[in-house]
Each structure stands twice: as C-alpha cells, then as structure tokens.
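Read the structure below first, then the notes.
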Amino acid sequence: MRPLKLCNNNGSIQLKFSVDGKRYSFNPVRGGSFGNPHDMAKAQAIATQIQLDILAGHFDSSLTRYKPASPESISQDSPSTPQDSLLTLWDDWVEYLCLPAHTKANHYHQVRQMLVKANPALVDTLWFTQSTLAPATFNKRLGMLRSCMEWAIK
C-alpha cells in the first residue's frame with residue numbers, strides 16, 4: 001500500500017490515495033488552507049484515520065465517514081441555544097465557513113467592525129440601513145448578512 005498524499009490544490013488541501021486499484025481524491029478539511037498548520041494537522045489526522053481503517057479492513061469507500069460534518073448531519077435532537085447578539089452569530093458563521101485569513105481580512109472583517117461599533121440586537125436593521133456605504137459595498141455586505149441569517153435559521 002502506498003502512503004496517502006496531501007496535495008496543494010490551488011491553496012486548498014486535497015487528499016489523494018488508492019485502495020484496491022480505485023483512486024480517491026477529496027478535500028478532508030472544508031475551506032482548509034494548505035499553508036495553515038492547523039488545517040494541515042486536521043487533514044493529516046483524517047489521512048491517518050483512513051490509513052488505519054484500510055489496514056483494519058474497515059475502509060468506507062463512500063468517504064462519508066471521513067468528510068467534515070455538514071449542518072444537515074447535526075442531530076435535530078440537540079438543543080439549540082439562541083444567540084445573544086448579532087456579533088456572536090456573525091463570528092460563529094464566519095468560523096463555520098472556514099475562510100482563509102486573507103478572505104476574512106476584507107469585507108468579513110469590515111462587517112465585524114461595524115457590528116462591534118453598533119452592537120445591534122438580532123432584529124435591529126437601522127444600524128446597517130443608515131450606514132454611509134457605497135452602493136456596491138452596501139449590497140455586498142447585505143448579501144453576507146443575509147447569508148449569515150439564512151445559515152442561522154437552518
């Protein structure tokens with residue numbers, strides 16, 4: 001058996017390997033960056049788990065056992081705790097997205113700074129609608145806030 005290989009796929013992490021003559025390739029860390037040591041450690045742990053499962057004869061050829069949990073796979077029985085502020089919700093959503101640092105540093109960071117300054121309630125929109133943003137910036141950030149809220153509702 002050849003070792004599993006972590007590859008740089010345009011900055012993201014891709015795991016490549018073969019089992020019984022069949023090739024497999026997938027991203028073990030959603031949104032993970034090849035240059036991020038934390039993401040690489042997670043990917044290596046998943047690669048090690050796959051290798052151990054192959055050796056033990058318990059390899060999941062569908063790869064679902066090794067892929068990151070999606071929001072749909074989270075149990076509906078677990079109690080959900082309401083967020084106490086829009087800033088907390090925003091931080092949780094941005095963390096869920098697993099964005100690279102350079103992406104977070106632009107609009108995501110600017111929206112966070114707006115939230116820190118305004119400290120709005122979850123249903124308050126006045127802080128945003130009265131901002132003096134350029135139309136394109138306003139629409140981009142509005143789309144991000146909308147996505148955050150849709151994620152929270154799901």
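Just so we're on the same page: first chain in the structure tokens is A, next is B, and so on; residues restart at 1 for each chain, and ligands are numbered from 1 in the order they show up.
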
- In chain A, DSSP alpha helix (DSSP H) residues written as a ChimeraX atom specification: /A:37-56,86-97,101-103,109-118,126-129,135-153

Using the selection just defined, write its residues with C-alpha atoms as a PDB file, in the first residue's frame.
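The resulting file, result26.pdb, is shown below:
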ATOM      1  CA  PRO A  37      -0.543  24.328  10.000  1.00  0.00           C
ATOM      2  CA  HIS A  38      -3.796  23.766  11.943  1.00  0.00           C
ATOM      3  CA  ASP A  39      -5.680  22.744   8.795  1.00  0.00           C
ATOM      4  CA  MET A  40      -2.793  20.541   7.709  1.00  0.00           C
ATOM      5  CA  ALA A  41      -2.787  18.804  11.103  1.00  0.00           C
ATOM      6  CA  LYS A  42      -6.528  18.098  10.773  1.00  0.00           C
ATOM      7  CA  ALA A  43      -6.021  16.749   7.256  1.00  0.00           C
ATOM      8  CA  GLN A  44      -3.144  14.565   8.411  1.00  0.00           C
ATOM      9  CA  ALA A  45      -5.303  13.171  11.235  1.00  0.00           C
ATOM     10  CA  ILE A  46      -8.008  12.265   8.712  1.00  0.00           C
ATOM     11  CA  ALA A  47      -5.385  10.675   6.445  1.00  0.00           C
ATOM     12  CA  THR A  48      -4.098   8.638   9.383  1.00  0.00           C
ATOM     13  CA  GLN A  49      -7.664   7.509  10.216  1.00  0.00           C
ATOM     14  CA  ILE A  50      -8.193   6.402   6.613  1.00  0.00           C
ATOM     15  CA  GLN A  51      -4.900   4.535   6.613  1.00  0.00           C
ATOM     16  CA  LEU A  52      -5.787   2.757   9.862  1.00  0.00           C
ATOM     17  CA  ASP A  53      -9.231   1.834   8.514  1.00  0.00           C
ATOM     18  CA  ILE A  54      -7.665   0.433   5.342  1.00  0.00           C
ATOM     19  CA  LEU A  55      -5.265  -1.698   7.381  1.00  0.00           C
ATOM     20  CA  ALA A  56      -8.080  -2.895   9.663  1.00  0.00           C
ATOM     21  CA  LEU A  86     -25.616  39.583  16.062  1.00  0.00           C
ATOM     22  CA  LEU A  87     -21.855  39.799  16.638  1.00  0.00           C
ATOM     23  CA  THR A  88     -21.797  36.341  18.253  1.00  0.00           C
ATOM     24  CA  LEU A  89     -23.867  34.963  15.404  1.00  0.00           C
ATOM     25  CA  TRP A  90     -21.567  36.601  12.839  1.00  0.00           C
ATOM     26  CA  ASP A  91     -18.440  35.158  14.475  1.00  0.00           C
ATOM     27  CA  ASP A  92     -19.966  31.664  14.572  1.00  0.00           C
ATOM     28  CA  TRP A  93     -20.961  31.882  10.898  1.00  0.00           C
ATOM     29  CA  VAL A  94     -17.556  33.115   9.739  1.00  0.00           C
ATOM     30  CA  GLU A  95     -15.896  30.321  11.747  1.00  0.00           C
ATOM     31  CA  TYR A  96     -18.268  27.789  10.151  1.00  0.00           C
ATOM     32  CA  LEU A  97     -17.218  28.982   6.682  1.00  0.00           C
ATOM     33  CA  ALA A 101      -7.236  34.628   6.592  1.00  0.00           C
ATOM     34  CA  HIS A 102      -6.850  36.868   3.536  1.00  0.00           C
ATOM     35  CA  THR A 103     -10.554  36.469   2.716  1.00  0.00           C
ATOM     36  CA  HIS A 109     -13.624  41.909   8.958  1.00  0.00           C
ATOM     37  CA  GLN A 110     -15.251  45.212   7.985  1.00  0.00           C
ATOM     38  CA  VAL A 111     -18.750  43.875   8.725  1.00  0.00           C
ATOM     39  CA  ARG A 112     -17.475  42.608  12.074  1.00  0.00           C
ATOM     40  CA  GLN A 113     -16.085  46.060  12.865  1.00  0.00           C
ATOM     41  CA  MET A 114     -19.479  47.573  12.005  1.00  0.00           C
ATOM     42  CA  LEU A 115     -21.138  45.090  14.362  1.00  0.00           C
ATOM     43  CA  VAL A 116     -18.686  45.869  17.162  1.00  0.00           C
ATOM     44  CA  LYS A 117     -19.323  49.588  16.771  1.00  0.00           C
ATOM     45  CA  ALA A 118     -23.139  49.402  16.501  1.00  0.00           C
ATOM     46  CA  LEU A 126     -31.322  50.561  11.446  1.00  0.00           C
ATOM     47  CA  TRP A 127     -27.583  50.440  12.144  1.00  0.00           C
ATOM     48  CA  PHE A 128     -26.993  48.997   8.677  1.00  0.00           C
ATOM     49  CA  THR A 129     -29.585  50.818   6.594  1.00  0.00           C
ATOM     50  CA  PRO A 135     -23.999  51.085  -3.155  1.00  0.00           C
ATOM     51  CA  ALA A 136     -21.810  48.168  -4.290  1.00  0.00           C
ATOM     52  CA  THR A 137     -20.293  47.771  -0.818  1.00  0.00           C
ATOM     53  CA  PHE A 138     -23.725  48.030   0.806  1.00  0.00           C
ATOM     54  CA  ASN A 139     -25.119  45.294  -1.466  1.00  0.00           C
ATOM     55  CA  LYS A 140     -22.116  43.003  -0.921  1.00  0.00           C
ATOM     56  CA  ARG A 141     -22.314  43.310   2.858  1.00  0.00           C
ATOM     57  CA  LEU A 142     -26.102  42.984   2.833  1.00  0.00           C
ATOM     58  CA  GLY A 143     -25.701  39.711   0.930  1.00  0.00           C
ATOM     59  CA  MET A 144     -23.220  38.489   3.521  1.00  0.00           C
ATOM     60  CA  LEU A 145     -25.537  39.401   6.401  1.00  0.00           C
ATOM     61  CA  ARG A 146     -28.432  37.706   4.610  1.00  0.00           C
ATOM     62  CA  SER A 147     -26.350  34.529   4.174  1.00  0.00           C
ATOM     63  CA  CYS A 148     -25.418  34.635   7.850  1.00  0.00           C
ATOM     64  CA  MET A 149     -29.073  34.863   8.858  1.00  0.00           C
ATOM     65  CA  GLU A 150     -30.123  32.078   6.479  1.00  0.00           C
ATOM     66  CA  TRP A 151     -27.382  29.894   7.995  1.00  0.00           C
ATOM     67  CA  ALA A 152     -28.652  30.720  11.499  1.00  0.00           C
ATOM     68  CA  ILE A 153     -32.215  29.795  10.573  1.00  0.00           C
TER      69      ILE A 153
END

- Task: Find the distance between atom CA of A:Pro3 and atom CA of A:Phe17 and write it in Å to one decimal.
- Result: 7.3 Å

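Distance-wise, atom CA of A:Gly31 and atom CA of A:Tyr66 end up 15.1 Å apart.
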
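For the pair atom CA of A:Ser85 and atom CA of A:Ala121, the separation is 5.8 Å.
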